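Here's the structure we're looking at; comments come further down.
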Amino acid sequence: MAKIYVDNIEYEVPDGKNMLEACTSLGLDLPYFCWHPKMHSVGACRQCAVMSYRDENDTRGRITMACMLDANDGTRISINAQPAKDFRAGNIESLMINHPHDCAVCDEGGECHLQDMTVMSGHNYRRYRFQKRTHNNQDLGPFINHEMNRCIQCYRCVRFYNDYAGGGDFGVFASSGRVYFGRSEEGTLESEFSGNLVEVCPTGVFTDKTLHKHYTRKWDLTSAPSICQGCSVGCNILTSERYGKLRRVMTRFNGDVNGYFLCDRGRFGYEYVNDEQRLTRAAQKDQNSGTDAFSAMKDHLASNPKLIGIGSPRASLESNFLLKQLVGADNFYNGVSAIENEVVNEVLNVLVKGNVRTPSLAEIETYDTVFVLGEDVTNTSPMIALALRQAAKNLPKEKAFALKIQHWNDAAIREVVQDEKGPFYLATPYATKLEEIATSSVHGNTKSLVQLSSKVADLISKGGDHQEDNDFAYRVANALTLSKKPLIVSGCGMMSKEIIRCAANIAGALRNAGKEVGVVFSVPEVNSLGMALLGSAGSLDDAILQTEKESGMTSIVLETDLFFRTNSQKANSFFEHSGKTILIDSLENNSTPNADFILPAGTFAESSGTMINNEGRAQRFYQVFKPNNDIKSSWAWLDMLMHQAEKERNFDAIVEEMANSVNAFQPISGLAPHADFRIGTQKIPRASHRFSGRTSMNADVNVHEPKPPVDEDSPLSFTMEGYHGKAPSSDIPFFWSPGWNSVQSINKYQIEVGGPLHGGNPGIRLIEPSESGVSSFEVNDGSADNGKIEALPSWFIFGSGELTAKSQAIMKRIEPAIISVSSATLKNSGIEGNGKITINSGEQKLTLPYKVDENVPAGVVLIPYGLADTMGITFPIYGNISMD
Amino acid sequence: MEKPLTEHIKNDGTPLSLKEYEAKGGYEGLKKALKMTPAEVLTVVKDSKLRGRGGAGFPTGMKWSFVPMGDNAPPVKYLVANGDEMEPGTFKDRLLIEGNPHQLIEGMIISAYTIGANMSYIFLRWAYHLAAKRVLAALDEAYKAGYLGKNILGSGYSLDMDLHTSVGRYICGEETALLNALEGKRANPRNKPPFPQVSGLFGKPTIVNNIETYCNIPHILAKGAEWYISISKSEGGGGTKLYGASGKVKNPAIWELPLGTTLGEIIEEHAGGMQDGYKLRGLLPGGASTDFLTPDHFNIKMDFEEVAKAGSRMGTGTIIVMDDKTCPVGMCLNLEQFFAQESCGWCTPCREGLPWTAKILLALEEGRGKPEDIDHLTFQTHYNAPGNTFCALAPGAMEPLQSALKYFREDFEEHIHTHQCKYKH
Amino acid sequence: MDNSNQVISEDARKEIEALFHHLPHKQAACIDALKIVQKYNRWVSDEALVELAPILEMKTHEIDSVATFYNIIFRKPVGRHVIFLCNSVSCWVMGYEAIHKAVKDHLNIDFGMTTPDDRFTFLPIPCLGTCDHAPALLVDEDLYRDLKPEQISEILAKYE
Ligand SMILES: Cc1cc2nc3c(=O)[nH]c(=O)nc-3n(C[C@H](O)[C@H](O)[C@H](O)COP(=O)(O)O)c2cc1C
Ligand code: SF4
Ligand code: FES
């Protein structure tokens, strides 16, 4: 700890900070622009000026940038001294001379860091009387709007996009008063993390184009804490609504998970919530829609038919749990293909039985050596890729620290690091984007990757220094053995249980060698691991077999489109063989026409629940609004069906029941405050106290203000009424603090900037390895290739996700479904010329156009996962290819 | 009077060849240095009280002593000669490079030897085409003669040297921006610390010195620190200095004189006083980024301490003379337009403040000035003061303006009140 | 390989590749590479940037970011000859404005413009370091000093 003095008051702060971090952590208001808690200091904007003094006898002091000043023992500054105040006001005035002052039409208005800092600095009178500089704006694609005139040249955007996130199509151009931030040529931003520009930019240069389509000011948004459902990482998000439409998704800081950032699938993949294809009414086949459909359903269930339930990895734990209770454990199937079921169960198996810990997303950034096996994380779990990009910088950074360069001195660190990358190895079926930062990479089919990784595990087990050998396995084993903190990353992307085991074995070998090793698995969906923990009687394939065996059962299908999960032949067979089908889902899909009853389910925006991410972290999400129709959380429908009730039990009761009946879920009852939690006597409002016009929202229909909906399931209220201080960390509906209207107000919610939220980061880990755990799992490398072509899925951040792919902005980014194959494979199969090829395994058959990609290993073809033309395929396929 | 730097430079405009240079005692300093340990060479340079000639006057020996040495030092280090010379009114390094490139090369080899660098660069501004050609020819000669390359003169020490010609921008002269330019990046300056001596070019220990600074080194080594101090008239530093004058003096040129020669002597004796019909009103003593001085300062010594005491900086020692028919406001306008254009665009005060300053001055010149403009110009000089900006460009830009507001305030006021510039006809 | 559409010639490429041997990584040659492209092509077009990127192992925007920072890298076409007139303080004191006017009148173009016949581009340049012989200008690589307005037509006549 260091003793520092700010305006003559003594404080104790942790060592190694700069004065801006220190002051901000102390809750003192000091304006800044270029500094960012994750990207640290470069000293460009000059807004964080303070007076610094040599010692207590120094009465003159000098202006110094707090962000570039060590908070060492004895550091003495003043924030309030007049020269510093004058300087900061003058600096804002300078920034504002070319700013268009278009707050009234700017999407950032009301949550603009520039507005906040202007007010904080006290500048208000405009002296500049000359012409403003103007710039051209660029069309940056469907996600981001560009309004360069608002730029204050803090350089945060390039520093995030390029330096932090590894982007390759964005930059700063020109010099002096004409510096320009954008693309070299107009066009869609290619980074998977481009959406963060919206939050990183302190003003309105980069704004959310999807929000713009249905724009609402921040203070008029009703917001709720939520969990992104785009992939298994479970990033914490804020959802925001007005007039029954979801307006946008923003980052909800969680220091253990996503921190300050989100990927573009998560941020822009929400629009399906507002889709016209939404199911909004409880309905019965061939009947007019209306509430009696639900009564009919109840009546049907009252007749005690034999039930079969199909659960879903995209439904909440509560919904799946209740379905399981309703249909009985023996009749509850988990809605994914047999192979996916097997692979996900294997992930759970190695995490539970193994002796290696799986780190949180935030912890991934702390490892020094990385080996990625089989997984295209950029496309399956993009935020893991972002974290890995940070991990790759750790060892090179040590060189800078050895030169006594401070941890926050970003540009200086990068200068020492140059373009050196940490030990980072990839073994995947195809070339992934992370190859940009890889030390070395290989591509192979499942069998060869299993062999390779088994060899790596073996070499590590044999211990120590392997001779320098150009062989990839040797090099990986060497690097991992030399590392202090190695990380193994894998996942279900190849749909191979063996790959999961291989990854676990490498990690286990490292663990036995005394390393502080971690292992990370990406699983297919937001609640895949939750489903595995809950347990089921089997996969969707098993369920189909069961219905075929015993036709006429009443099936309850929870948030599952069978046509997405399995081929149409099997899906149709299921519907033909089941008696009555009750479908609970949010969007119309290929399964809905087959249902006898439909119950409209809330998406993550209209429902609450618990999800378990790839790390085994249980996280609560809350509904942001009550829809004006029949839509309800799936668990509510199921609860009503189960109890033959008109109204569901309260959420807490269900969680309680679940926690009591499933051992692994016991901690979940303490995940978040219960619905009766109050601060004083008050609930936590989802709307800000500046919320305007509530009384007039329905004035065109009725001059009497309707009674606001009541949330019986959480301590959150749907209105602006309630406690306006800080909510418990799991229940923060939006970030705001007096004078801090922008996302930067997150500072005020943290114990120290960039650190955990007050009250601890939300979420509870359910899986920890045991010391006595297993370090080795049996691997069977005789995978069934025997000379056949192996078709593996290629993953797409935009397109492979079932629901996000139905969002308009995302749709614009979806690539056509094309098979990738190398020319050698084509030649071996005697294929020439243009056209379509067919892959045929006997059981599955698919015809698509193809493109030649020499990075695809021989004997492998890649098929995009989950696109409209490829959904329902279960991977891997072993078969042959022929020209269509 | 001794003129070690320039005495051998020929009057016919051709450079000294290697042969000619050697005949005049060239590369003797190097031979001597190579027989000494780097630490011994460093001691000599420190004792000589050589101060950097790039503008800031930092003691050269001290600067070098921050480079990590010994077995634990990083194996790769660099040495760079700063020949950007884009400061308006400055034209001294060009003379040294064009006239005697080997003197520079020798100085750099000795310096690189002292800090243990094996790679060095001469960073030259683009517009110096002739200088570039001569440097390349001289490098070629030096390599062939074994002064550069592997195992120099059998000493076991090796050094490579390359020429980099810049592509414009004044900020490239700032030493850390220069390093970024050498790395092929945008020439934004870097924060210090870390200093280049610790993390410079490509993140490796690096010394950057001015061309003139290096040119002194061979002579210091050849003739010793005491001699070097003895040829100076300054208390604070040794050696001679290239002084120059431009503007409406009778004899604008460059002269090598003892460091500490008085301003009056330079203007009146060497520059021959003002051209007929012109009176001297003020002068910038050391390039565009120094404060104005006036004829009242003629008896001060042109060295780092005395000029500073008089409220300006010796800077590069090349004097720009303002006569009585030149508008001080117009001159400030010209300077501030230059600085505004050359701002790198990294930090706010410089990027936004300088164009605003220039716009006000233009308004004054065009008769659109307002009474509050003088206050605003004064504000800019405080706002862009040293420490407030990221590097020294903007504070330098404010020096002529702040002193003009002090010495020629009536001109600013007159522009505002009469809505015109009386110097324009 | 069909090179006919390449804007960076083979010779230029070779010259660029020769830069690499003294540098720790190729990116460090970026500025020199841009100069070489400009030497052959007079300016640096978008296409040239795209072709440079793989040679330097950089991204196009990274090169553009550097190219647009510097004064002497031309991202727009220039004429066969470029006149750089020093407009810095010593030349200004010594009457650069008369030279400016002379060039303007003679060629009918101002700073930043190119003659319609593509013969000259006219640009200002900061201090040429020849202040004792102000005013001064540079045509391509030739320096002219102690200028008088009446010399302009004669000087420019040398450049076709
Ligand atoms: C904007 C700016 C421009 C500069 N230009 C030059 C220059 O052209 N030549 C030079 O030697 N130093 C220049 N300097 C000073 C250098 O940063 C550095 O101090 C100098 O090269 C060190 O050499 P010295 O110690 O030998 O003086 C400039 C500084 C600034 C802030
Ligand atoms: S003062 Fe600031 S903007 Fe100006 S050149 Fe220096 S760093 Fe760049
Ligand atoms: S936040 Fe300190 S200079 Fe920008």
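Simple scheme: letters A, B, ... for chains in structure tokens order, numbers from 1 for residues in each chain, numbers from 1 for ligands in the order shown.
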
* Distance filter 9 Å, only C-alpha atoms, chain C against chain B, as a PyMOL selection string -> chain C and resi 22-32+35+62-63+65-73+87-94+125-134+138+141-142

For those residues, write N, CA and C atoms to a file as a short mmCIF file (atom, residue, chain, number, x, y, z; two decimals), in the first residue's frame.
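So the final result, stored in again-v4.cif, reads:
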data_model
loop_
_atom_site.label_atom_id
_atom_site.label_comp_id
_atom_site.auth_asym_id
_atom_site.auth_seq_id
_atom_site.Cartn_x
_atom_site.Cartn_y
_atom_site.Cartn_z
N HIS C 22 18.52 -4.86 -42.57
CA HIS C 22 19.03 -4.22 -41.35
C HIS C 22 17.96 -4.02 -40.28
N LEU C 23 16.75 -4.50 -40.56
CA LEU C 23 15.65 -4.13 -39.66
C LEU C 23 15.12 -5.33 -38.92
N PRO C 24 14.71 -5.13 -37.68
CA PRO C 24 14.19 -6.27 -36.91
C PRO C 24 12.87 -6.79 -37.45
N HIS C 25 12.02 -5.93 -38.00
CA HIS C 25 10.86 -6.46 -38.71
C HIS C 25 10.46 -5.58 -39.89
N LYS C 26 9.70 -6.20 -40.77
CA LYS C 26 9.45 -5.55 -42.05
C LYS C 26 8.71 -4.24 -41.92
N GLN C 27 7.86 -4.15 -40.92
CA GLN C 27 7.07 -2.94 -40.76
C GLN C 27 7.97 -1.70 -40.64
N ALA C 28 9.16 -1.90 -40.09
CA ALA C 28 10.07 -0.77 -39.90
C ALA C 28 10.46 -0.16 -41.24
N ALA C 29 10.29 -0.90 -42.32
CA ALA C 29 10.64 -0.37 -43.63
C ALA C 29 9.49 0.39 -44.28
N CYS C 30 8.41 0.53 -43.53
CA CYS C 30 7.18 1.07 -44.11
C CYS C 30 7.39 2.42 -44.79
N ILE C 31 8.04 3.34 -44.10
CA ILE C 31 8.18 4.68 -44.65
C ILE C 31 9.09 4.66 -45.88
N ASP C 32 10.17 3.93 -45.76
CA ASP C 32 11.06 3.85 -46.92
C ASP C 32 10.38 3.19 -48.10
N LYS C 35 8.28 5.62 -49.80
CA LYS C 35 9.11 6.53 -50.62
C LYS C 35 9.49 5.88 -51.94
N GLU C 62 -2.96 0.02 -41.75
CA GLU C 62 -1.78 0.42 -40.97
C GLU C 62 -0.83 1.24 -41.84
N ILE C 63 -0.68 0.81 -43.08
CA ILE C 63 0.21 1.56 -43.97
C ILE C 63 -0.42 2.92 -44.28
N SER C 65 -2.38 4.58 -42.44
CA SER C 65 -2.28 5.38 -41.23
C SER C 65 -0.92 6.09 -41.19
N VAL C 66 0.10 5.38 -41.57
CA VAL C 66 1.44 5.97 -41.61
C VAL C 66 1.54 6.94 -42.79
N ALA C 67 1.07 6.49 -43.94
CA ALA C 67 1.22 7.30 -45.16
C ALA C 67 0.56 8.66 -45.00
N THR C 68 -0.61 8.69 -44.40
CA THR C 68 -1.33 9.96 -44.30
C THR C 68 -0.79 10.84 -43.19
N PHE C 69 0.06 10.29 -42.36
CA PHE C 69 0.63 11.11 -41.28
C PHE C 69 1.65 12.10 -41.83
N TYR C 70 2.40 11.67 -42.81
CA TYR C 70 3.56 12.45 -43.24
C TYR C 70 3.25 13.38 -44.40
N ASN C 71 4.00 14.47 -44.44
CA ASN C 71 3.72 15.52 -45.44
C ASN C 71 4.11 15.11 -46.85
N ILE C 72 5.16 14.36 -46.97
CA ILE C 72 5.76 14.20 -48.29
C ILE C 72 5.31 12.91 -48.96
N ILE C 73 4.45 12.16 -48.31
CA ILE C 73 3.87 11.00 -48.99
C ILE C 73 2.56 11.49 -49.63
N ASN C 87 7.70 28.35 -46.83
CA ASN C 87 6.88 29.45 -46.32
C ASN C 87 7.15 29.69 -44.84
N SER C 88 8.30 29.23 -44.38
CA SER C 88 8.59 29.40 -42.96
C SER C 88 9.18 30.78 -42.68
N VAL C 89 9.51 30.99 -41.42
CA VAL C 89 9.63 32.36 -40.93
C VAL C 89 10.73 33.18 -41.61
N SER C 90 11.91 32.60 -41.83
CA SER C 90 12.97 33.41 -42.42
C SER C 90 12.62 33.80 -43.85
N CYS C 91 12.08 32.83 -44.58
CA CYS C 91 11.68 33.14 -45.95
C CYS C 91 10.52 34.12 -45.96
N TRP C 92 9.68 34.01 -44.96
CA TRP C 92 8.55 34.94 -44.87
C TRP C 92 9.08 36.36 -44.63
N VAL C 93 10.04 36.48 -43.68
CA VAL C 93 10.63 37.80 -43.42
C VAL C 93 11.30 38.34 -44.69
N MET C 94 11.90 37.44 -45.44
CA MET C 94 12.67 37.87 -46.60
C MET C 94 11.82 37.97 -47.86
N ILE C 125 6.26 24.24 -48.17
CA ILE C 125 7.04 23.31 -47.35
C ILE C 125 7.65 24.10 -46.20
N PRO C 126 7.71 23.47 -45.03
CA PRO C 126 8.39 24.16 -43.93
C PRO C 126 9.88 24.29 -44.22
N CYS C 127 10.44 25.24 -43.56
CA CYS C 127 11.86 25.61 -43.62
C CYS C 127 12.76 24.60 -44.35
N LEU C 128 13.45 25.06 -45.37
CA LEU C 128 14.35 24.20 -46.13
C LEU C 128 15.76 24.22 -45.57
N GLY C 129 15.96 24.90 -44.47
CA GLY C 129 17.29 24.90 -43.84
C GLY C 129 18.32 25.68 -44.63
N THR C 130 17.87 26.68 -45.30
CA THR C 130 18.81 27.51 -46.04
C THR C 130 18.45 28.98 -45.81
N CYS C 131 18.15 29.27 -44.56
CA CYS C 131 17.58 30.55 -44.16
C CYS C 131 18.51 31.72 -44.45
N ASP C 132 19.83 31.43 -44.50
CA ASP C 132 20.74 32.52 -44.82
C ASP C 132 20.67 32.88 -46.30
N HIS C 133 19.94 32.11 -47.07
CA HIS C 133 19.77 32.43 -48.49
C HIS C 133 18.29 32.47 -48.84
N ALA C 134 17.50 33.00 -47.91
CA ALA C 134 16.06 33.09 -48.14
C ALA C 134 15.74 34.21 -49.13
N LEU C 138 12.29 24.58 -53.76
CA LEU C 138 12.83 23.32 -54.22
C LEU C 138 11.95 22.90 -55.39
N GLU C 141 14.32 17.79 -56.68
CA GLU C 141 15.40 17.76 -55.70
C GLU C 141 16.34 18.94 -55.86
N ASP C 142 15.99 19.90 -56.70
CA ASP C 142 16.90 21.02 -56.94
C ASP C 142 16.52 22.22 -56.10
#

Can you tell me which residues surround stretch 260-263 of chain B at a distance of at most 7 Å, considering only C-alpha atoms, apart from same-chain residues fewer than 4 positions away, and format the answer as a PDB file with C-alpha atoms, in the first residue's frame?
ATOM      1  CA  SER B 232      34.552  27.986 -24.741  1.00  0.00           C
ATOM      2  CA  LYS B 233      33.616  31.319 -23.302  1.00  0.00           C
ATOM      3  CA  SER B 234      30.790  29.819 -21.312  1.00  0.00           C
ATOM      4  CA  ILE B 267      24.704  40.247 -34.800  1.00  0.00           C
ATOM      5  CA  PHE B 298      22.924  42.270 -26.858  1.00  0.00           C
ATOM      6  CA  ASN B 299      25.378  41.883 -24.025  1.00  0.00           C
ATOM      7  CA  ILE B 300      24.181  38.486 -22.915  1.00  0.00           C
ATOM      8  CA  LYS B 301      26.242  35.448 -23.758  1.00  0.00           C
ATOM      9  CA  MET B 302      24.682  33.006 -26.172  1.00  0.00           C
ATOM     10  CA  ASP B 303      24.881  29.963 -23.957  1.00  0.00           C
TER      11      ASP B 303
END

* Residues within 8 Å of ligand 2, counting only C-alpha atoms and all ligand atoms: report them as a list in words. =>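 Going residue by residue within 8 Å of ligand 2, we get Ala44 and Ser176 of chain A; Ile171, Asn188, Pro189, Arg190, Glu342, Ser343, Cys344, Gly345, Trp346, Cys347, Thr348, Pro349, Cys350, Arg351, Asn384, Thr389, Phe390, Cys391, Ala392, Leu393, Ala394 and Pro395 of chain B.
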
* Among stretch 195-408 of chain A, which residues carry a DSSP assignment of helix (DSSP H, G or I), reported as number ranges by chain? -> A: 196-200, 209-212, 218-220, 264-268, 271-274, 292-302, 317-327, 329-331, 338-353, 361-364, 377-380, 382-391, 394-402

* **Residue contacts of stretch 107-113 of chain C (8 Å, only C-alpha atoms) excluding same-chain residues fewer than 4 positions away, as a PyMOL selection string** => chain C and resi 103+121-124

Just all heavy atoms for this one: save the residues we selected as a compact mmCIF listing (two decimals), in the first residue's frame.
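Below is the file result_28.txt, written as the result:
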# COMPACT_ATOMS: atom_id res chain seq x y z
N VAL C 103 5.01 32.48 -58.67
CA VAL C 103 4.71 31.13 -59.15
C VAL C 103 3.23 31.02 -59.51
O VAL C 103 2.86 30.46 -60.55
CB VAL C 103 5.07 30.07 -58.06
CG1 VAL C 103 4.69 28.67 -58.54
CG2 VAL C 103 6.54 30.14 -57.72
N THR C 121 3.08 20.39 -59.69
CA THR C 121 2.24 20.53 -58.50
C THR C 121 2.95 21.53 -57.62
O THR C 121 4.19 21.52 -57.53
CB THR C 121 2.07 19.18 -57.79
OG1 THR C 121 1.35 18.31 -58.65
CG2 THR C 121 1.29 19.33 -56.49
N PHE C 122 2.18 22.38 -56.97
CA PHE C 122 2.75 23.49 -56.20
C PHE C 122 2.40 23.30 -54.74
O PHE C 122 1.21 23.22 -54.39
CB PHE C 122 2.16 24.80 -56.76
CG PHE C 122 2.75 26.05 -56.15
CD1 PHE C 122 4.03 26.09 -55.62
CD2 PHE C 122 1.99 27.23 -56.14
CE1 PHE C 122 4.55 27.26 -55.09
CE2 PHE C 122 2.50 28.40 -55.61
CZ PHE C 122 3.78 28.41 -55.08
N LEU C 123 3.40 23.19 -53.90
CA LEU C 123 3.14 22.94 -52.47
C LEU C 123 4.01 23.84 -51.60
O LEU C 123 5.13 24.16 -51.98
CB LEU C 123 3.47 21.48 -52.13
CG LEU C 123 2.63 20.40 -52.79
CD1 LEU C 123 3.24 19.03 -52.50
CD2 LEU C 123 1.19 20.46 -52.32
N PRO C 124 3.48 24.21 -50.44
CA PRO C 124 4.33 24.89 -49.47
C PRO C 124 5.15 23.85 -48.71
O PRO C 124 4.75 22.69 -48.62
CB PRO C 124 3.32 25.55 -48.53
CG PRO C 124 2.14 24.65 -48.57
CD PRO C 124 2.12 23.99 -49.92

* Would you list the residues that come within 6 Å of ligand 3? Count only C-alpha atoms and all ligand atoms and give the answer as a list of chain:residue names. => A:Tyr32, A:Phe33, A:Cys34, A:Trp35, A:Gly43, A:Ala44, A:Cys45, A:Arg46, A:Gln47, A:Cys48, A:Met65, A:Ala66, A:Cys67

* **Every residue of stretch 687-884 of chain A that DSSP places in strand (DSSP E), as number ranges by chain** => A: 716-717, 764-765, 789-794, 819-821, 836-840, 845-852, 860-864, 877-883

* Go through the chains and note each residue within 8 Å of ligand 1, using only C-alpha atoms and all ligand atoms, then give the set as a VMD selection string. => chain B and resid 51 to 60 63 81 to 87 170 to 176 208 to 214 391 to 394 396

* Neighbours of B:Pro193 within 12 Å (only C-alpha atoms; same-chain residues fewer than 5 positions away dropped), as a ChimeraX atom specification? -> /A:42,68-70,403-406,409-413 /B:176,198-200

Those same residues, written as a compact mmCIF listing (two decimals), in the first residue's frame with N, CA, C and O atoms?
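What landed in part_39.txt:
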# COMPACT_ATOMS: atom_id res chain seq x y z
N VAL A 42 -2.25 6.55 -21.75
CA VAL A 42 -1.33 7.01 -22.78
C VAL A 42 -1.11 8.52 -22.71
O VAL A 42 -0.27 9.05 -23.43
N MET A 68 -0.64 9.60 -15.73
CA MET A 68 0.75 9.26 -16.01
C MET A 68 1.63 9.45 -14.77
O MET A 68 2.85 9.49 -14.87
N LEU A 69 0.98 9.57 -13.64
CA LEU A 69 1.74 9.84 -12.40
C LEU A 69 1.60 8.64 -11.48
O LEU A 69 0.48 8.23 -11.14
N ASP A 70 2.72 8.09 -11.04
CA ASP A 70 2.68 6.96 -10.12
C ASP A 70 2.05 7.37 -8.80
O ASP A 70 2.37 8.41 -8.26
N LEU A 403 11.96 -3.77 -17.03
CA LEU A 403 12.58 -2.45 -17.20
C LEU A 403 11.93 -1.42 -16.28
O LEU A 403 12.12 -0.22 -16.44
N LYS A 404 11.15 -1.88 -15.34
CA LYS A 404 10.46 -1.01 -14.38
C LYS A 404 9.40 -0.13 -15.05
O LYS A 404 9.05 0.94 -14.55
N ILE A 405 8.93 -0.55 -16.20
CA ILE A 405 7.83 0.18 -16.82
C ILE A 405 6.55 -0.21 -16.10
O ILE A 405 6.30 -1.39 -15.83
N GLN A 406 5.77 0.79 -15.77
CA GLN A 406 4.60 0.54 -14.95
C GLN A 406 3.54 -0.27 -15.70
O GLN A 406 3.42 -0.18 -16.91
N ASN A 409 1.39 1.73 -18.07
CA ASN A 409 2.02 2.60 -19.08
C ASN A 409 1.90 1.92 -20.45
O ASN A 409 2.86 1.38 -20.99
N ASP A 410 0.73 1.98 -21.00
CA ASP A 410 0.35 1.14 -22.13
C ASP A 410 1.27 1.27 -23.34
O ASP A 410 1.77 0.28 -23.86
N ALA A 411 1.49 2.49 -23.79
CA ALA A 411 2.28 2.67 -25.01
C ALA A 411 3.71 2.20 -24.78
O ALA A 411 4.31 1.57 -25.66
N ALA A 412 4.24 2.47 -23.59
CA ALA A 412 5.62 2.07 -23.32
C ALA A 412 5.74 0.55 -23.29
O ALA A 412 6.72 -0.01 -23.77
N ILE A 413 4.75 -0.10 -22.74
CA ILE A 413 4.78 -1.57 -22.71
C ILE A 413 4.74 -2.10 -24.14
O ILE A 413 5.53 -2.96 -24.52
N THR B 176 11.68 11.09 -29.37
CA THR B 176 10.90 9.85 -29.27
C THR B 176 9.98 9.69 -30.48
O THR B 176 9.74 8.57 -30.93
N VAL B 198 16.66 3.68 -21.93
CA VAL B 198 16.24 2.39 -21.37
C VAL B 198 15.41 1.61 -22.39
O VAL B 198 15.63 0.44 -22.65
N SER B 199 14.42 2.30 -22.97
CA SER B 199 13.57 1.66 -23.98
C SER B 199 13.37 2.64 -25.11
O SER B 199 12.54 3.53 -25.03
N GLY B 200 14.16 2.50 -26.14
CA GLY B 200 14.09 3.45 -27.25
C GLY B 200 13.66 2.80 -28.53
O GLY B 200 12.55 2.27 -28.62

* To do: Identify every residue of chain A that has at least one atom within 9 Å of any atom of chain C, counting only C-alpha atoms, and report the result as an MDAnalysis selection string.
  => chainID A and resid 168:176 179 183:185 419

Could you take the residues named above and write them with N, CA, C and O atoms, as a CSV table (one decimal), in the first residue's frame?
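Final file, result_26.csv:
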chain,number,residue,atom,x,y,z
A,168,GLY,N,-8.2,-5.6,-37.7
A,168,GLY,CA,-7.3,-5.4,-38.8
A,168,GLY,C,-7.8,-4.5,-39.9
A,168,GLY,O,-7.3,-4.4,-41.0
A,169,ASP,N,-8.9,-3.7,-39.6
A,169,ASP,CA,-9.4,-2.9,-40.7
A,169,ASP,C,-9.9,-1.6,-40.2
A,169,ASP,O,-10.9,-1.0,-40.6
A,170,PHE,N,-9.2,-1.0,-39.2
A,170,PHE,CA,-9.6,0.2,-38.6
A,170,PHE,C,-8.3,0.9,-38.2
A,170,PHE,O,-7.3,0.3,-37.9
A,171,GLY,N,-8.3,2.3,-38.3
A,171,GLY,CA,-7.1,2.9,-37.9
A,171,GLY,C,-7.3,4.4,-37.7
A,171,GLY,O,-8.4,5.0,-37.8
A,172,VAL,N,-6.2,5.1,-37.4
A,172,VAL,CA,-6.1,6.5,-37.3
A,172,VAL,C,-5.4,7.0,-38.5
A,172,VAL,O,-4.3,6.5,-38.9
A,173,PHE,N,-5.9,8.0,-39.1
A,173,PHE,CA,-5.3,8.6,-40.3
A,173,PHE,C,-5.0,10.1,-40.2
A,173,PHE,O,-5.6,10.7,-39.3
A,174,ALA,N,-4.1,10.5,-41.0
A,174,ALA,CA,-3.8,12.0,-41.1
A,174,ALA,C,-3.1,12.4,-39.8
A,174,ALA,O,-2.8,11.6,-38.9
A,175,SER,N,-2.9,13.7,-39.6
A,175,SER,CA,-2.2,14.2,-38.4
A,175,SER,C,-2.7,15.5,-38.1
A,175,SER,O,-3.7,16.0,-38.7
A,176,SER,N,-2.1,16.1,-37.1
A,176,SER,CA,-2.5,17.4,-36.5
A,176,SER,C,-4.0,17.5,-36.3
A,176,SER,O,-4.6,16.6,-35.9
A,179,VAL,N,-6.7,14.6,-37.6
A,179,VAL,CA,-6.7,13.1,-37.4
A,179,VAL,C,-8.1,12.5,-37.5
A,179,VAL,O,-9.1,13.1,-37.1
A,183,ARG,N,-12.1,3.5,-41.2
A,183,ARG,CA,-11.5,2.5,-42.0
A,183,ARG,C,-10.7,3.2,-43.1
A,183,ARG,O,-11.0,4.3,-43.5
A,184,SER,N,-9.8,2.4,-43.6
A,184,SER,CA,-9.0,2.9,-44.8
A,184,SER,C,-10.0,3.2,-45.9
A,184,SER,O,-9.8,4.1,-46.7
A,185,GLU,N,-10.9,2.3,-46.1
A,185,GLU,CA,-12.0,2.5,-47.1
A,185,GLU,C,-13.3,2.2,-46.4
A,185,GLU,O,-13.4,1.3,-45.6
A,419,ASP,N,6.0,-6.6,-31.8
A,419,ASP,CA,5.0,-7.5,-32.2
A,419,ASP,C,5.2,-8.9,-31.6
A,419,ASP,O,4.7,-9.9,-32.2
